[in-house]
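With PDB, C-alpha atoms and all ligand atoms inside, this is upload_14.pdb:
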```
ATOM      1  CA  PRO A   1      69.637  53.722 200.799
ATOM      2  CA  HIS A   2      70.690  55.394 197.607
ATOM      3  CA  ILE A   3      71.486  52.941 194.835
ATOM      4  CA  ASP A   4      73.754  53.364 191.854
ATOM      5  CA  VAL A   5      71.611  52.132 188.983
ATOM      6  CA  LEU A   6      74.582  51.972 186.641
ATOM      7  CA  ALA A   7      76.735  49.829 188.952
ATOM      8  CA  ALA A   8      74.657  46.688 189.509
ATOM      9  CA  PHE A   9      71.389  44.834 189.073
ATOM     10  CA  TYR A  10      69.343  44.910 192.266
ATOM     11  CA  THR A  11      67.040  42.433 193.959
ATOM     12  CA  HIS A  12      63.361  43.082 194.584
ATOM     13  CA  ALA A  13      64.060  43.682 198.285
ATOM     14  CA  GLU A  14      66.798  46.212 197.461
ATOM     15  CA  ILE A  15      64.538  48.011 195.002
ATOM     16  CA  ASN A  16      61.724  48.177 197.559
ATOM     17  CA  ALA A  17      64.093  49.525 200.215
ATOM     18  CA  TYR A  18      65.238  52.182 197.766
ATOM     19  CA  LEU A  19      61.652  53.162 196.870
ATOM     20  CA  ASP A  20      60.816  53.380 200.572
ATOM     21  CA  SER A  21      63.721  55.787 201.122
ATOM     22  CA  LEU A  22      62.556  58.296 198.514
ATOM     23  CA  PRO A  23      59.665  60.019 200.340
ATOM     24  CA  GLU A  24      62.101  60.943 203.137
ATOM     25  CA  ARG A  25      64.479  62.520 200.646
ATOM     26  CA  TYR A  26      61.734  64.119 198.549
ATOM     27  CA  PRO A  27      58.812  64.616 200.944
ATOM     28  CA  LYS A  28      56.894  66.913 198.594
ATOM     29  CA  ARG A  29      57.586  65.066 195.385
ATOM     30  CA  ALA A  30      57.728  61.308 195.986
ATOM     31  CA  GLN A  31      55.126  58.979 197.438
ATOM     32  CA  VAL A  32      55.200  55.192 197.800
ATOM     33  CA  LYS A  33      52.050  53.103 197.797
ATOM     34  CA  GLN A  34      51.723  49.385 198.248
ATOM     35  CA  PHE A  35      48.948  47.931 196.101
ATOM     36  CA  GLY A  36      49.077  44.310 197.230
ATOM     37  CA  TRP A  37      51.285  41.243 197.419
ATOM     38  CA  SER A  38      52.767  38.741 195.050
ATOM     39  CA  TYR A  39      51.823  35.073 195.281
ATOM     40  CA  GLU A  40      54.820  34.489 197.589
ATOM     41  CA  ARG A  41      53.774  37.530 199.657
ATOM     42  CA  ARG A  42      56.283  40.089 198.480
ATOM     43  CA  PRO A  43      54.943  43.651 198.803
ATOM     44  CA  LEU A  44      54.249  45.223 195.391
ATOM     45  CA  LYS A  45      55.050  48.918 195.452
ATOM     46  CA  VAL A  46      54.472  51.888 193.223
ATOM     47  CA  LEU A  47      56.189  55.274 193.289
ATOM     48  CA  THR A  48      54.346  58.445 192.346
ATOM     49  CA  ILE A  49      56.404  61.474 191.376
ATOM     50  CA  SER A  50      55.093  65.023 191.108
ATOM     51  CA  ASN A  51      56.626  68.480 191.062
ATOM     52  CA  GLY A  52      55.275  69.135 194.545
ATOM     53  CA  ASP A  53      53.091  72.116 193.638
ATOM     54  CA  GLY A  54      50.129  70.471 195.346
ATOM     55  CA  ARG A  55      47.916  70.492 192.251
ATOM     56  CA  ARG A  56      45.808  67.375 192.273
ATOM     57  CA  ASN A  57      44.547  65.181 189.481
ATOM     58  CA  LYS A  58      47.101  66.052 186.854
ATOM     59  CA  PRO A  59      47.247  63.708 183.879
ATOM     60  CA  VAL A  60      49.410  60.660 184.443
ATOM     61  CA  ILE A  61      52.226  58.801 182.727
ATOM     62  CA  LEU A  62      52.223  55.234 184.084
ATOM     63  CA  ILE A  63      55.299  53.045 183.633
ATOM     64  CA  ASP A  64      55.884  49.469 184.687
ATOM     65  CA  GLY A  65      58.840  47.116 184.499
ATOM     66  CA  THR A  66      59.622  43.462 185.075
ATOM     67  CA  VAL A  67      56.350  41.909 183.993
ATOM     68  CA  HIS A  68      58.761  39.277 182.656
ATOM     69  CA  ALA A  69      61.268  38.132 185.249
ATOM     70  CA  ARG A  70      64.374  37.673 183.131
ATOM     71  CA  GLU A  71      64.245  41.076 181.406
ATOM     72  CA  TRP A  72      66.657  42.673 183.839
ATOM     73  CA  ILE A  73      67.276  45.914 181.996
ATOM     74  CA  SER A  74      63.636  46.866 182.579
ATOM     75  CA  PRO A  75      63.846  47.425 186.370
ATOM     76  CA  SER A  76      67.157  49.231 185.805
ATOM     77  CA  MET A  77      65.426  51.483 183.292
ATOM     78  CA  ALA A  78      62.515  52.158 185.646
ATOM     79  CA  LEU A  79      64.993  53.143 188.372
ATOM     80  CA  TYR A  80      66.920  55.328 185.958
ATOM     81  CA  ILE A  81      63.723  57.165 185.009
ATOM     82  CA  ILE A  82      62.965  57.680 188.701
ATOM     83  CA  GLN A  83      66.409  59.170 189.269
ATOM     84  CA  GLN A  84      66.120  61.438 186.256
ATOM     85  CA  LEU A  85      62.824  62.814 187.544
ATOM     86  CA  LEU A  86      63.896  63.144 191.184
ATOM     87  CA  ASP A  87      67.676  63.670 191.325
ATOM     88  CA  ASN A  88      67.986  65.445 187.972
ATOM     89  CA  TYR A  89      64.915  67.605 188.498
ATOM     90  CA  GLU A  90      66.402  70.884 187.206
ATOM     91  CA  GLU A  91      66.851  69.423 183.772
ATOM     92  CA  ASN A  92      63.563  67.515 183.649
ATOM     93  CA  GLN A  93      61.067  69.733 185.444
ATOM     94  CA  GLY A  94      59.234  70.402 182.191
ATOM     95  CA  LEU A  95      58.159  66.750 182.275
ATOM     96  CA  LEU A  96      56.565  67.266 185.704
ATOM     97  CA  GLN A  97      54.985  70.699 185.331
ATOM     98  CA  ASP A  98      51.554  69.497 184.240
ATOM     99  CA  TYR A  99      51.871  65.719 184.566
ATOM    100  CA  ASP A 100      52.413  63.222 187.376
ATOM    101  CA  TRP A 101      54.420  60.035 186.869
ATOM    102  CA  VAL A 102      53.522  56.673 188.400
ATOM    103  CA  ILE A 103      56.272  54.052 188.246
ATOM    104  CA  MET A 104      56.241  50.389 189.269
ATOM    105  CA  PRO A 105      59.735  48.958 188.697
ATOM    106  CA  VAL A 106      58.910  45.315 189.491
ATOM    107  CA  VAL A 107      55.524  43.731 188.744
ATOM    108  CA  ASN A 108      56.620  40.086 188.730
ATOM    109  CA  ALA A 109      58.446  40.122 192.073
ATOM    110  CA  ASP A 110      58.505  36.350 192.632
ATOM    111  CA  GLY A 111      59.739  35.553 189.150
ATOM    112  CA  TYR A 112      62.369  38.280 189.384
ATOM    113  CA  GLU A 113      63.635  36.899 192.688
ATOM    114  CA  TYR A 114      63.744  33.427 191.112
ATOM    115  CA  THR A 115      65.968  34.728 188.294
ATOM    116  CA  HIS A 116      68.414  35.930 190.957
ATOM    117  CA  SER A 117      68.366  32.786 193.078
ATOM    118  CA  GLU A 118      67.558  29.806 190.847
ATOM    119  CA  SER A 119      67.089  30.211 187.147
ATOM    120  CA  ARG A 120      68.309  33.256 185.253
ATOM    121  CA  TYR A 121      65.956  32.904 182.254
ATOM    122  CA  TRP A 122      62.651  32.451 184.067
ATOM    123  CA  ARG A 123      59.848  34.547 182.526
ATOM    124  CA  LYS A 124      56.547  33.798 184.278
ATOM    125  CA  THR A 125      55.148  34.116 187.804
ATOM    126  CA  ARG A 126      55.847  31.437 190.457
ATOM    127  CA  LYS A 127      52.293  30.373 191.297
ATOM    128  CA  PRO A 128      51.635  26.651 190.740
ATOM    129  CA  THR A 129      49.351  25.704 187.871
ATOM    130  CA  THR A 130      46.896  22.888 187.171
ATOM    131  CA  ASP A 131      49.886  20.853 185.956
ATOM    132  CA  PRO A 132      51.965  19.661 188.933
ATOM    133  CA  ASP A 133      55.079  19.645 186.750
ATOM    134  CA  CYS A 134      54.801  23.231 185.515
ATOM    135  CA  VAL A 135      54.867  26.472 187.465
ATOM    136  CA  GLY A 136      53.977  29.988 186.480
ATOM    137  CA  THR A 137      51.738  32.082 184.246
ATOM    138  CA  ASP A 138      52.648  34.825 181.793
ATOM    139  CA  ILE A 139      51.298  38.044 183.320
ATOM    140  CA  ASN A 140      51.370  39.509 179.808
ATOM    141  CA  ARG A 141      48.733  36.987 178.672
ATOM    142  CA  ASN A 142      46.599  37.114 181.828
ATOM    143  CA  PHE A 143      44.671  40.386 181.359
ATOM    144  CA  ALA A 144      40.951  40.522 180.683
ATOM    145  CA  HIS A 145      40.809  42.190 177.308
ATOM    146  CA  GLU A 146      40.250  39.642 174.564
ATOM    147  CA  TRP A 147      41.826  37.072 176.864
ATOM    148  CA  GLY A 148      42.233  33.521 175.688
ATOM    149  CA  HIS A 149      42.805  33.660 171.942
ATOM    150  CA  ASP A 150      45.017  30.771 170.869
ATOM    151  CA  ALA A 151      46.883  32.994 168.437
ATOM    152  CA  GLY A 152      48.975  34.918 170.932
ATOM    153  CA  SER A 153      48.654  32.874 174.112
ATOM    154  CA  SER A 154      48.655  29.271 175.281
ATOM    155  CA  SER A 155      46.376  27.133 177.429
ATOM    156  CA  ASP A 156      49.312  24.834 178.241
ATOM    157  CA  PRO A 157      50.726  25.558 181.728
ATOM    158  CA  CYS A 158      54.145  24.354 180.598
ATOM    159  CA  GLU A 159      54.450  27.048 177.922
ATOM    160  CA  ASP A 160      56.135  30.395 178.462
ATOM    161  CA  ILE A 161      53.039  32.200 177.130
ATOM    162  CA  TYR A 162      50.599  30.320 179.382
ATOM    163  CA  ARG A 163      47.611  32.604 179.909
ATOM    164  CA  GLY A 164      46.341  31.134 183.199
ATOM    165  CA  GLU A 165      43.043  29.364 183.829
ATOM    166  CA  ARG A 166      41.155  32.643 184.035
ATOM    167  CA  PRO A 167      41.999  36.294 183.433
ATOM    168  CA  PHE A 168      43.534  37.840 186.541
ATOM    169  CA  ASP A 169      44.125  34.548 188.345
ATOM    170  CA  GLN A 170      47.593  35.899 189.218
ATOM    171  CA  PRO A 171      47.818  38.320 192.173
ATOM    172  CA  GLU A 172      50.470  40.364 190.337
ATOM    173  CA  SER A 173      48.097  40.875 187.384
ATOM    174  CA  GLN A 174      45.371  41.970 189.797
ATOM    175  CA  VAL A 175      47.692  44.541 191.321
ATOM    176  CA  LEU A 176      48.676  46.022 187.958
ATOM    177  CA  ARG A 177      45.012  46.001 186.897
ATOM    178  CA  ASP A 178      44.059  47.887 190.070
ATOM    179  CA  ILE A 179      46.756  50.491 189.422
ATOM    180  CA  LEU A 180      45.654  50.934 185.806
ATOM    181  CA  LEU A 181      42.028  51.315 186.871
ATOM    182  CA  GLN A 182      42.843  53.692 189.723
ATOM    183  CA  TYR A 183      44.649  56.056 187.342
ATOM    184  CA  SER A 184      42.381  55.351 184.390
ATOM    185  CA  PRO A 185      40.586  58.744 184.372
ATOM    186  CA  ARG A 186      43.954  60.545 184.142
ATOM    187  CA  LEU A 187      45.890  57.999 182.089
ATOM    188  CA  LYS A 188      47.522  59.626 179.065
ATOM    189  CA  TRP A 189      50.441  57.260 178.475
ATOM    190  CA  TYR A 190      50.936  53.672 179.622
ATOM    191  CA  LEU A 191      54.455  52.414 178.991
ATOM    192  CA  SER A 192      55.404  48.813 179.770
ATOM    193  CA  LEU A 193      59.161  48.214 179.832
ATOM    194  CA  HIS A 194      60.311  44.871 178.430
ATOM    195  CA  SER A 195      63.345  43.474 176.653
ATOM    196  CA  TYR A 196      64.625  42.885 174.178
ATOM    197  CA  GLY A 197      64.519  43.899 170.528
ATOM    198  CA  ASN A 198      64.295  47.698 170.053
ATOM    199  CA  TYR A 199      60.569  47.975 169.428
ATOM    200  CA  PHE A 200      57.804  50.370 170.323
ATOM    201  CA  LEU A 201      54.858  47.974 170.225
ATOM    202  CA  LEU A 202      51.326  49.313 170.064
ATOM    203  CA  PRO A 203      47.943  47.621 170.467
ATOM    204  CA  TRP A 204      46.278  45.605 169.332
ATOM    205  CA  GLY A 205      48.069  42.385 170.009
ATOM    206  CA  TYR A 206      44.968  40.225 169.602
ATOM    207  CA  THR A 207      43.787  41.305 166.170
ATOM    208  CA  ASN A 208      45.137  42.650 162.917
ATOM    209  CA  ASN A 209      42.647  45.513 163.143
ATOM    210  CA  LEU A 210      44.175  48.809 164.201
ATOM    211  CA  PRO A 211      42.829  50.909 167.076
ATOM    212  CA  GLU A 212      40.991  54.074 166.187
ATOM    213  CA  ASN A 213      43.767  56.340 167.567
ATOM    214  CA  TYR A 214      46.570  54.297 165.984
ATOM    215  CA  GLN A 215      48.070  57.214 164.080
ATOM    216  CA  ASP A 216      48.299  59.326 167.245
ATOM    217  CA  MET A 217      50.140  56.521 169.022
ATOM    218  CA  MET A 218      52.403  56.082 166.004
ATOM    219  CA  ASP A 219      53.292  59.783 166.128
ATOM    220  CA  VAL A 220      54.381  59.377 169.758
ATOM    221  CA  ALA A 221      56.417  56.259 168.956
ATOM    222  CA  GLU A 222      57.981  58.065 166.026
ATOM    223  CA  ALA A 223      59.122  60.885 168.306
ATOM    224  CA  GLY A 224      60.905  58.293 170.433
ATOM    225  CA  ALA A 225      62.472  56.469 167.501
ATOM    226  CA  PHE A 226      63.686  59.722 165.895
ATOM    227  CA  ALA A 227      65.198  60.991 169.148
ATOM    228  CA  ILE A 228      67.123  57.757 169.650
ATOM    229  CA  VAL A 229      68.417  57.488 166.112
ATOM    230  CA  HIS A 230      69.591  61.082 166.263
ATOM    231  CA  SER A 231      71.404  60.606 169.553
ATOM    232  CA  THR A 232      73.077  57.193 169.189
ATOM    233  CA  ASN A 233      72.048  55.790 165.796
ATOM    234  CA  GLY A 234      69.975  53.226 167.694
ATOM    235  CA  ILE A 235      67.265  51.814 165.448
ATOM    236  CA  TYR A 236      63.741  51.187 166.752
ATOM    237  CA  SER A 237      60.883  49.616 164.823
ATOM    238  CA  TYR A 238      57.385  50.697 165.781
ATOM    239  CA  GLY A 239      53.833  49.705 165.014
ATOM    240  CA  SER A 240      51.123  47.303 166.029
ATOM    241  CA  THR A 241      52.491  44.301 167.905
ATOM    242  CA  TYR A 242      50.437  42.037 165.694
ATOM    243  CA  TYR A 243      52.247  43.191 162.560
ATOM    244  CA  VAL A 244      55.665  44.215 163.871
ATOM    245  CA  LEU A 245      56.341  41.283 166.215
ATOM    246  CA  TYR A 246      53.644  38.648 166.697
ATOM    247  CA  PRO A 247      50.062  38.306 167.965
ATOM    248  CA  THR A 248      49.544  38.500 171.731
ATOM    249  CA  SER A 249      46.283  38.113 173.581
ATOM    250  CA  GLY A 250      45.518  39.327 177.084
ATOM    251  CA  ASP A 251      48.528  41.597 177.416
ATOM    252  CA  THR A 252      48.794  44.694 179.559
ATOM    253  CA  ALA A 253      48.989  47.244 176.742
ATOM    254  CA  ASP A 254      45.795  45.980 175.102
ATOM    255  CA  TYR A 255      44.066  46.190 178.498
ATOM    256  CA  ALA A 256      45.427  49.683 179.138
ATOM    257  CA  LEU A 257      44.011  50.904 175.829
ATOM    258  CA  GLY A 258      40.860  48.803 175.649
ATOM    259  CA  VAL A 259      39.682  48.892 179.245
ATOM    260  CA  ALA A 260      41.676  51.472 181.238
ATOM    261  CA  ASN A 261      41.249  54.115 178.514
ATOM    262  CA  ALA A 262      44.893  55.069 178.182
ATOM    263  CA  THR A 263      45.285  57.670 175.464
ATOM    264  CA  VAL A 264      48.541  56.057 174.344
ATOM    265  CA  ALA A 265      49.471  52.480 175.336
ATOM    266  CA  MET A 266      52.828  51.027 174.437
ATOM    267  CA  THR A 267      55.279  48.223 175.137
ATOM    268  CA  MET A 268      58.924  49.245 174.810
ATOM    269  CA  GLU A 269      61.318  46.423 174.036
ATOM    270  CA  LEU A 270      64.622  47.755 175.317
ATOM    271  CA  PRO A 271      67.890  46.824 173.570
ATOM    272  CA  ALA A 272      69.549  43.426 173.904
ATOM    273  CA  GLY A 273      72.681  42.694 175.879
ATOM    274  CA  GLY A 274      74.749  39.783 177.167
ATOM    275  CA  PHE A 275      74.694  36.178 176.012
ATOM    276  CA  SER A 276      70.995  35.839 175.456
ATOM    277  CA  GLY A 277      69.766  39.381 174.978
ATOM    278  CA  PHE A 278      68.119  39.310 178.417
ATOM    279  CA  ASP A 279      71.346  39.479 180.442
ATOM    280  CA  PRO A 280      73.404  42.558 179.636
ATOM    281  CA  TRP A 281      76.670  42.939 181.540
ATOM    282  CA  VAL A 282      76.710  45.523 184.272
ATOM    283  CA  SER A 283      79.075  47.531 182.086
ATOM    284  CA  HIS A 284      76.299  47.793 179.466
ATOM    285  CA  ILE A 285      73.714  49.315 181.771
ATOM    286  CA  GLU A 286      74.795  52.910 181.340
ATOM    287  CA  GLY A 287      74.715  52.854 177.538
ATOM    288  CA  LEU A 288      71.387  51.062 177.443
ATOM    289  CA  VAL A 289      69.522  53.236 179.933
ATOM    290  CA  THR A 290      70.903  56.575 178.752
ATOM    291  CA  GLU A 291      69.934  55.796 175.156
ATOM    292  CA  SER A 292      66.515  54.572 176.236
ATOM    293  CA  TRP A 293      65.944  57.667 178.362
ATOM    294  CA  VAL A 294      66.431  59.840 175.277
ATOM    295  CA  GLY A 295      63.491  57.967 173.741
ATOM    296  CA  VAL A 296      61.277  57.964 176.832
ATOM    297  CA  ARG A 297      61.895  61.671 177.431
ATOM    298  CA  ALA A 298      61.059  62.535 173.814
ATOM    299  CA  MET A 299      57.861  60.479 173.890
ATOM    300  CA  ALA A 300      56.819  61.986 177.220
ATOM    301  CA  ALA A 301      57.368  65.476 175.810
ATOM    302  CA  GLU A 302      55.287  64.564 172.764
ATOM    303  CA  VAL A 303      52.459  63.163 174.909
ATOM    304  CA  ILE A 304      52.477  66.271 177.102
ATOM    305  CA  ARG A 305      52.454  68.536 174.039
ATOM    306  CA  ARG A 306      49.605  66.672 172.339
ATOM    307  CA  TYR A 307      47.460  66.148 175.424
ATOM    308  CA  PRO A 308      47.817  69.253 177.590
ATOM    309  CA  SER A 309      45.905  69.297 180.841
TER     310      SER A 309
HETATM  311  O1  LIG B 401      55.472  38.701 174.136
HETATM  312  C1  LIG B 401      55.432  39.619 174.951
HETATM  313  O2  LIG B 401      54.772  39.574 175.981
HETATM  314  C2  LIG B 401      56.223  40.904 174.674
HETATM  315  N1  LIG B 401      57.526  40.576 174.187
HETATM  316  S1  LIG B 401      58.638  39.875 175.201
HETATM  317  O3  LIG B 401      59.795  39.442 174.392
HETATM  318  N2  LIG B 401      59.179  40.969 176.214
HETATM  319  O4  LIG B 401      58.017  38.794 175.909
HETATM  320  C3  LIG B 401      55.494  41.761 173.643
HETATM  321  C4  LIG B 401      54.095  42.178 173.995
HETATM  322  C5  LIG B 401      53.590  43.280 173.105
HETATM  323  N3  LIG B 401      52.185  43.485 173.187
HETATM  324  C6  LIG B 401      51.561  44.676 172.996
HETATM  325  N4  LIG B 401      52.242  45.781 172.900
HETATM  326  N5  LIG B 401      50.221  44.737 172.935
HETATM  327 ZN    ZN B 402      58.716  40.883 178.150
END
```

Starting from the file, lay out its structure as structure tokens.
Amino acid sequence: PHIDVLAAFYTHAEINAYLDSLPERYPKRAQVKQFGWSYERRPLKVLTISNGDGRRNKPVILIDGTVHAREWISPSMALYIIQQLLDNYEENQGLLQDYDWVIMPVVNADGYEYTHSESRYWRKTRKPTTDPDCVGTDINRNFAHEWGHDAGSSSDPCEDIYRGERPFDQPESQVLRDILLQYSPRLKWYLSLHSYGNYFLLPWGYTNNLPENYQDMMDVAEAGAFAIVHSTNGIYSYGSTYYVLYPTSGDTADYALGVANATVAMTMELPAGGFSGFDPWVSHIEGLVTESWVGVRAMAAEVIRRYPS
């Protein structure tokens, strides 16, 4: 089934059904792979998009969304990117000439479902913890790179930044880890879509030291921020998470850079909307995703230019 990204927010089941329909419509260019299951046994799926020329092992841009359940603009943005690359191919083929794209719209499937059915502002997974009164772990504190620092994560299962008992004790984290490691040799840009706040956040989250390629990552972020300010006057801040926002430990971007060898690793905090920032109205979707696409497209072009295959 085709879905109109601008007309509604979709459930995990609807998004999966849509992903599953794409290889039939684009047999040469779209492929769906299931990497595993969530704790509640929802299938976790990834879409790979190419230009269909049959060339293998091109460098990869890897994008995920919905690590945090309540950040609903992030799956919408992932779907919008998919539609730009597939349905609007004429205009965007330069982004697929020498690069493949790998997109996982929903990492935290159980939490996302829970925000539809029970509790709109849920953030974490839905796996029980050591505390019978508190459910869920923050996937973005559960990764095995400098996991467990108290500045940037919590050992308390009742906190929203609970890191889990061990790195990768969440099946959803394992799945994203496996995807990152599978594409690791080709991984030029890892982009994790979150909301909200208008930030391009770079590693490291766990330390105030800067990674060795920090300036290169800043140049990519700057390309995105400039493109957005020129198109809509939208203002993005960019820099190390630790300085620009707050310390984080065990998050996906640090793992992508530190372990999976991404050339550029980044968290994009999409713009706010709605009452809380996490719940934009449906009527906001179009403005939010079209502005954000200007930034993603500019950063992708910059990555492709700097790191040709
Ligand atoms: O705290 C988080 O996990 C992210 N912010 S959110 O409001 N979406 O929860 C920021 C993580 C940034 N970390 C790195 N880029 N390393
Ligand atoms: Zn988030």

Counting only C-alpha atoms and all ligand atoms, name the residues that have an atom within 12 Å of an atom of ligand ZN 402 (chain B); the answer should be given as a PDB file with C-alpha atoms, in the frame of the given file.
```pdb
ATOM      1  CA  ASP A  64      55.884  49.469 184.687  1.00  0.00           C
ATOM      2  CA  GLY A  65      58.840  47.116 184.499  1.00  0.00           C
ATOM      3  CA  THR A  66      59.622  43.462 185.075  1.00  0.00           C
ATOM      4  CA  VAL A  67      56.350  41.909 183.993  1.00  0.00           C
ATOM      5  CA  HIS A  68      58.761  39.277 182.656  1.00  0.00           C
ATOM      6  CA  ALA A  69      61.268  38.132 185.249  1.00  0.00           C
ATOM      7  CA  ARG A  70      64.374  37.673 183.131  1.00  0.00           C
ATOM      8  CA  GLU A  71      64.245  41.076 181.406  1.00  0.00           C
ATOM      9  CA  TRP A  72      66.657  42.673 183.839  1.00  0.00           C
ATOM     10  CA  ILE A  73      67.276  45.914 181.996  1.00  0.00           C
ATOM     11  CA  SER A  74      63.636  46.866 182.579  1.00  0.00           C
ATOM     12  CA  PRO A  75      63.846  47.425 186.370  1.00  0.00           C
ATOM     13  CA  VAL A 107      55.524  43.731 188.744  1.00  0.00           C
ATOM     14  CA  ASN A 108      56.620  40.086 188.730  1.00  0.00           C
ATOM     15  CA  TYR A 121      65.956  32.904 182.254  1.00  0.00           C
ATOM     16  CA  TRP A 122      62.651  32.451 184.067  1.00  0.00           C
ATOM     17  CA  ARG A 123      59.848  34.547 182.526  1.00  0.00           C
ATOM     18  CA  LYS A 124      56.547  33.798 184.278  1.00  0.00           C
ATOM     19  CA  ASP A 138      52.648  34.825 181.793  1.00  0.00           C
ATOM     20  CA  ILE A 139      51.298  38.044 183.320  1.00  0.00           C
ATOM     21  CA  ASN A 140      51.370  39.509 179.808  1.00  0.00           C
ATOM     22  CA  ARG A 141      48.733  36.987 178.672  1.00  0.00           C
ATOM     23  CA  ASP A 160      56.135  30.395 178.462  1.00  0.00           C
ATOM     24  CA  ILE A 161      53.039  32.200 177.130  1.00  0.00           C
ATOM     25  CA  SER A 192      55.404  48.813 179.770  1.00  0.00           C
ATOM     26  CA  LEU A 193      59.161  48.214 179.832  1.00  0.00           C
ATOM     27  CA  HIS A 194      60.311  44.871 178.430  1.00  0.00           C
ATOM     28  CA  SER A 195      63.345  43.474 176.653  1.00  0.00           C
ATOM     29  CA  TYR A 196      64.625  42.885 174.178  1.00  0.00           C
ATOM     30  CA  GLY A 197      64.519  43.899 170.528  1.00  0.00           C
ATOM     31  CA  ASN A 198      64.295  47.698 170.053  1.00  0.00           C
ATOM     32  CA  TYR A 199      60.569  47.975 169.428  1.00  0.00           C
ATOM     33  CA  LEU A 201      54.858  47.974 170.225  1.00  0.00           C
ATOM     34  CA  THR A 248      49.544  38.500 171.731  1.00  0.00           C
ATOM     35  CA  ASP A 251      48.528  41.597 177.416  1.00  0.00           C
ATOM     36  CA  THR A 252      48.794  44.694 179.559  1.00  0.00           C
ATOM     37  CA  ALA A 253      48.989  47.244 176.742  1.00  0.00           C
ATOM     38  CA  THR A 267      55.279  48.223 175.137  1.00  0.00           C
ATOM     39  CA  MET A 268      58.924  49.245 174.810  1.00  0.00           C
ATOM     40  CA  GLU A 269      61.318  46.423 174.036  1.00  0.00           C
ATOM     41  CA  LEU A 270      64.622  47.755 175.317  1.00  0.00           C
ATOM     42  CA  PRO A 271      67.890  46.824 173.570  1.00  0.00           C
ATOM     43  CA  ALA A 272      69.549  43.426 173.904  1.00  0.00           C
ATOM     44  CA  GLY A 277      69.766  39.381 174.978  1.00  0.00           C
ATOM     45  CA  PHE A 278      68.119  39.310 178.417  1.00  0.00           C
TER      46      PHE A 278
END
```

I'd like to see the residues matched by the PyMOL selection byres (((chain A and resi 77-81) around 10) and not hetatm) on this file, and ideally I'd get them as a VMD selection string. chain A and resid 3 to 6 15 18 to 19 63 to 66 72 to 76 82 to 88 101 103 to 106 192 to 194 270 285 to 286 288 to 290 292 to 293 296 to 297

Those residues with C-alpha atoms, as a tab-separated table (two decimals), in the coordinates of the input please?
```tsv
chain	number	residue	atom	x	y	z
A	3	ILE	CA	71.49	52.94	194.84
A	4	ASP	CA	73.75	53.36	191.85
A	5	VAL	CA	71.61	52.13	188.98
A	6	LEU	CA	74.58	51.97	186.64
A	15	ILE	CA	64.54	48.01	195.00
A	18	TYR	CA	65.24	52.18	197.77
A	19	LEU	CA	61.65	53.16	196.87
A	63	ILE	CA	55.30	53.04	183.63
A	64	ASP	CA	55.88	49.47	184.69
A	65	GLY	CA	58.84	47.12	184.50
A	66	THR	CA	59.62	43.46	185.08
A	72	TRP	CA	66.66	42.67	183.84
A	73	ILE	CA	67.28	45.91	182.00
A	74	SER	CA	63.64	46.87	182.58
A	75	PRO	CA	63.85	47.42	186.37
A	76	SER	CA	67.16	49.23	185.80
A	82	ILE	CA	62.96	57.68	188.70
A	83	GLN	CA	66.41	59.17	189.27
A	84	GLN	CA	66.12	61.44	186.26
A	85	LEU	CA	62.82	62.81	187.54
A	86	LEU	CA	63.90	63.14	191.18
A	87	ASP	CA	67.68	63.67	191.32
A	88	ASN	CA	67.99	65.44	187.97
A	101	TRP	CA	54.42	60.04	186.87
A	103	ILE	CA	56.27	54.05	188.25
A	104	MET	CA	56.24	50.39	189.27
A	105	PRO	CA	59.74	48.96	188.70
A	106	VAL	CA	58.91	45.32	189.49
A	192	SER	CA	55.40	48.81	179.77
A	193	LEU	CA	59.16	48.21	179.83
A	194	HIS	CA	60.31	44.87	178.43
A	270	LEU	CA	64.62	47.76	175.32
A	285	ILE	CA	73.71	49.32	181.77
A	286	GLU	CA	74.80	52.91	181.34
A	288	LEU	CA	71.39	51.06	177.44
A	289	VAL	CA	69.52	53.24	179.93
A	290	THR	CA	70.90	56.58	178.75
A	292	SER	CA	66.52	54.57	176.24
A	293	TRP	CA	65.94	57.67	178.36
A	296	VAL	CA	61.28	57.96	176.83
A	297	ARG	CA	61.90	61.67	177.43
```

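Distances to ligand LIG 401 (chain B) were evaluated for A:Asp100, A:Glu118, A:Asp254, A:Glu91 using only C-alpha atoms and all ligand atoms, and the minimum falls at A:Asp254.
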
With a distance cut-off of 8 Å and all atoms listed in the file, select the neighbouring residues of Leu62 (chain A), excluding the residue or stretch itself and same-chain residues fewer than 5 positions from it, and output the selection as a PyMOL selection string. chain A and resi 101-103+187+189-191

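Distance check against Glu159 (chain A) using only C-alpha atoms: of A:Lys45, A:Val135, A:Gly234, A:Met218, the minimum falls on A:Val135.
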
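Using only C-alpha atoms and all ligand atoms, the shortest contact distance between ligand LIG 401 (chain B) and any of A:Thr129, A:Asn208, A:Gln31, A:Asn16 is found at A:Asn208.
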
In Å, rounded to a single decimal, give me how far CA of Gly205 (chain A) is from atom C5 of ligand LIG 401 (chain B). 6.4 Å

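Residues surrounding Gln34 (chain A) within 10 Å are Trp37, Pro43, Leu44, Lys45, Val46, Leu47 and Val175 of chain A [all atoms listed in the file; sequence separation below 3 positions excluded].
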
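Between atom N1 of ligand LIG 401 (chain B) and CA of Glu113 (chain A) the separation is 19.8 Å.
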
Show which residues sit within 9 Å of Glu291 (chain A), as a PyMOL selection string. Count only C-alpha atoms, and ignore same-chain residues fewer than 6 positions away. chain A and resi 228+231-232+234

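Taken over the shown file, the PyMOL selection byres (((chain A and resi 22) around 10) and not hetatm) identifies Pro1, His2, Ala17, Tyr18, Leu19, Asp20, Ser21, Pro23, Glu24, Arg25, Tyr26, Pro27, Arg29, Ala30, Gln31, Val32, Leu47, Ile49, Ile82 and Leu86 of chain A.
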